[in-house]
Amino acid sequence: MRWIRAAGRGLLVAMIVLTGYTASGTPGAGTAQGAARDGGRGPMTLATAGDLTGYLGPLLEGWNRAHPGERVTLVELPDSADETRAQMTTGLRSGHGRFDILNIDVAWTGEFAAAGWIAPLERDRFALDSFLPPVTDTATYDGRLYAVPYVTNAGMLYYRKDILDREGEQPPRTWADLERQARTIAPRYGLGGYAGQFLPYEGLTVNATEAVYSAGGTILGDDGRVTVDSAAARIGIGFLARGVRDGWIPGEALTYMEEESRQAFQDGRLLFLRNWPYAYAGASGPGSKVAGKFAAVPLPGPGGTGTSVLGGSNLAVSARARHPESAKDLIAYLTSAPVQRKVLTDGALPPVRAALYQDPELVRAYPYLPALRASVLAAAPRPKSPRYQQVSLAVQAVVHDAMAQQQDPAAAVHRLARELSAITPRG
């Protein structure tokens, strides 16, 4: 039903494929010499955190039946995205060849590629032309393909359709619409106006980046240079800060992550919510006070449809993979059309295959697919940097101060530019 870890923290289903262990549990030879002896083919171990629907084991059994000499063994890692990343990077830095395939958050591709932890891939080995166009960009770094998109994600605006219908209003297409309706309609029904994920963590980085992108700005340029000190960034951050100041973003929202914000909307306490598509299932399910009363549309922006940040995860092959050919074939399998359909129907994860979003049977079962498709097509990746974690921490801290009314938005943007310049290699 859900892919909570995925959402704004940037990690859809934290999953890595570990190798370097024989059946007896002793270390294997994670070397190019070992790969040469067996043609780069052999068994793999898939470690996963946050497989909340239990879909992955049965899905991998399909691979194992067809490839008995290249079996995948499933092993779980901690649920926390931070802990998963820590285990991944510790193993990669050690150079022991412990990892074969890594299912990494889309924001980590640049960092892992720049560090030499993942190997470039051949584009013609994967069906990239069948994917939603923006998702492939998340798998590239410095003009080369370093991963293959596995699941995608984009923010959407959830709204109380019953209330807007009663008021004779359409869902907001612009920030002005959203602000007006959140400020005037929500109080008449005893609701908070608008919320997102505003606790200082990766979710706030996503929400802030969406605001800057929607206003026409950027945080880092394609060359890694700091570009955030702009009128567009001041408008975007100012929009969020003004919402808290004027009360149509409730102060409590400054403590929200994905689940807290979903619960607030599902409990009937919000008119509008920015969240990932996973929230649709919970809000439609048993016990939800808004089941049958809400809908979802793409995020608004200053003059029309806004820009969401692309979420999701990418499959990458470790630079020290023991069986790189098997790893690439497994990636092709996991991103094939039949398996991608199961990723949606069995795992409740947004697939990367474009045709699935226009499949009539799937649209009937998942009514948010057209809105999600529009959101993904209008979305953009988070800033690409080999030091992404430090970039994200700086964005979180500065934007939270602006939203908490501790710093003027213009001053906050200028401060963010200074901090990013000290962090990024090309600052």
# chains A, B, ... in the order shown; residues from 1 in each chain; ligands from 1

$ residues_around --residues "A:Pro302" --least-positions-apart "3" --cutoff "9 Å" --atoms "only C-alpha atoms" --output "list in words"
Arg173, Thr174, Trp175, Ala176, Ser214, Ala215, Gly236, Thr305 and Gly306 of chain A

$ write_last_selection --atoms "C-alpha atoms" --output "short mmCIF file (atom, residue, chain, number, x, y, z; two decimals), in the first residue's frame"
data_model
loop_
_atom_site.label_atom_id
_atom_site.label_comp_id
_atom_site.auth_asym_id
_atom_site.auth_seq_id
_atom_site.Cartn_x
_atom_site.Cartn_y
_atom_site.Cartn_z
CA ARG A 173 -3.79 26.09 -10.46
CA THR A 174 -1.59 28.87 -9.08
CA TRP A 175 -0.05 29.84 -5.77
CA ALA A 176 -2.47 32.76 -5.59
CA SER A 214 8.29 26.48 -9.58
CA ALA A 215 9.25 30.16 -9.37
CA GLY A 236 9.73 30.61 -3.71
CA THR A 305 1.44 24.21 -13.00
CA GLY A 306 4.44 24.09 -10.71
#

$ closest_atom_pairs --of "stretch 185-226 of chain A" --to "stretch 157-161 of chain A" --cutoff "12 Å" --atoms "only C-alpha atoms" --output "JSON lines"
{"residue": "A:Ile185", "atom": "CA", "partner": "A:Arg160", "partner_atom": "CA", "distance": 10.9}
{"residue": "A:Ala186", "atom": "CA", "partner": "A:Arg160", "partner_atom": "CA", "distance": 9.9}
{"residue": "A:Tyr189", "atom": "CA", "partner": "A:Arg160", "partner_atom": "CA", "distance": 11.0}
{"residue": "A:Leu191", "atom": "CA", "partner": "A:Arg160", "partner_atom": "CA", "distance": 10.4}
{"residue": "A:Gly192", "atom": "CA", "partner": "A:Arg160", "partner_atom": "CA", "distance": 11.6}
{"residue": "A:Gly193", "atom": "CA", "partner": "A:Tyr159", "partner_atom": "CA", "distance": 10.0}
{"residue": "A:Tyr194", "atom": "CA", "partner": "A:Tyr159", "partner_atom": "CA", "distance": 9.2}
{"residue": "A:Ala195", "atom": "CA", "partner": "A:Leu157", "partner_atom": "CA", "distance": 9.8}
{"residue": "A:Gly196", "atom": "CA", "partner": "A:Leu157", "partner_atom": "CA", "distance": 9.3}
{"residue": "A:Asn207", "atom": "CA", "partner": "A:Leu157", "partner_atom": "CA", "distance": 11.9}

$ write_last_selection --atoms "N, CA, C and O atoms" --output "CSV table (one decimal), in the first residue's frame"
chain,number,residue,atom,x,y,z
A,185,ILE,N,-11.2,29.7,2.7
A,185,ILE,CA,-12.2,28.6,2.8
A,185,ILE,C,-11.9,27.7,4.0
A,185,ILE,O,-12.8,27.2,4.7
A,186,ALA,N,-10.6,27.3,4.2
A,186,ALA,CA,-10.3,26.4,5.2
A,186,ALA,C,-10.8,26.8,6.6
A,186,ALA,O,-11.4,25.9,7.3
A,189,TYR,N,-14.4,25.8,7.7
A,189,TYR,CA,-14.6,24.4,7.9
A,189,TYR,C,-13.8,23.9,9.1
A,189,TYR,O,-13.7,22.7,9.3
A,191,LEU,N,-10.5,23.9,9.3
A,191,LEU,CA,-9.4,23.2,8.8
A,191,LEU,C,-8.1,24.0,8.7
A,191,LEU,O,-8.2,25.3,8.6
A,192,GLY,N,-6.9,23.4,8.8
A,192,GLY,CA,-5.7,24.1,8.4
A,192,GLY,C,-5.7,24.2,6.9
A,192,GLY,O,-6.3,23.4,6.2
A,193,GLY,N,-5.0,25.2,6.4
A,193,GLY,CA,-5.0,25.5,5.0
A,193,GLY,C,-4.2,24.6,4.1
A,193,GLY,O,-4.7,23.8,3.3
A,194,TYR,N,-2.9,24.6,4.4
A,194,TYR,CA,-2.0,23.9,3.5
A,194,TYR,C,-0.8,23.3,4.3
A,194,TYR,O,-0.3,24.0,5.3
A,195,ALA,N,-0.3,22.2,4.0
A,195,ALA,CA,0.9,21.6,4.6
A,195,ALA,C,1.6,20.8,3.7
A,195,ALA,O,1.1,20.3,2.7
A,196,GLY,N,2.9,20.7,4.0
A,196,GLY,CA,3.8,19.8,3.2
A,196,GLY,C,4.7,19.0,4.3
A,196,GLY,O,4.2,18.8,5.4
A,207,ASN,N,10.6,20.1,-0.6
A,207,ASN,CA,9.5,21.1,-0.6
A,207,ASN,C,10.1,22.5,-1.0
A,207,ASN,O,9.5,23.2,-1.8

$ residues_around --residues "A:Arg123" --least-positions-apart "5" --cutoff "10 Å" --atoms "only C-alpha atoms" --output "PyMOL selection string"
chain A and resi 128-129+144-148

$ residues_around --residues "A:Pro425" --least-positions-apart "6" --cutoff "10 Å" --atoms "only C-alpha atoms" --output "list in words"
Gly224, Arg225, Val226, Ser385, Pro386 and Arg387 of chain A

$ closest_residue --among "A:Ile331, A:Ala139, A:Ala182, A:Leu164" --to "A:Asp246" --atoms "only C-alpha atoms"
A:Ala182

$ atom_distance --atom1 "atom CA of A:Gly347" --atom2 "atom CA of A:Ala319"
28.6 Å
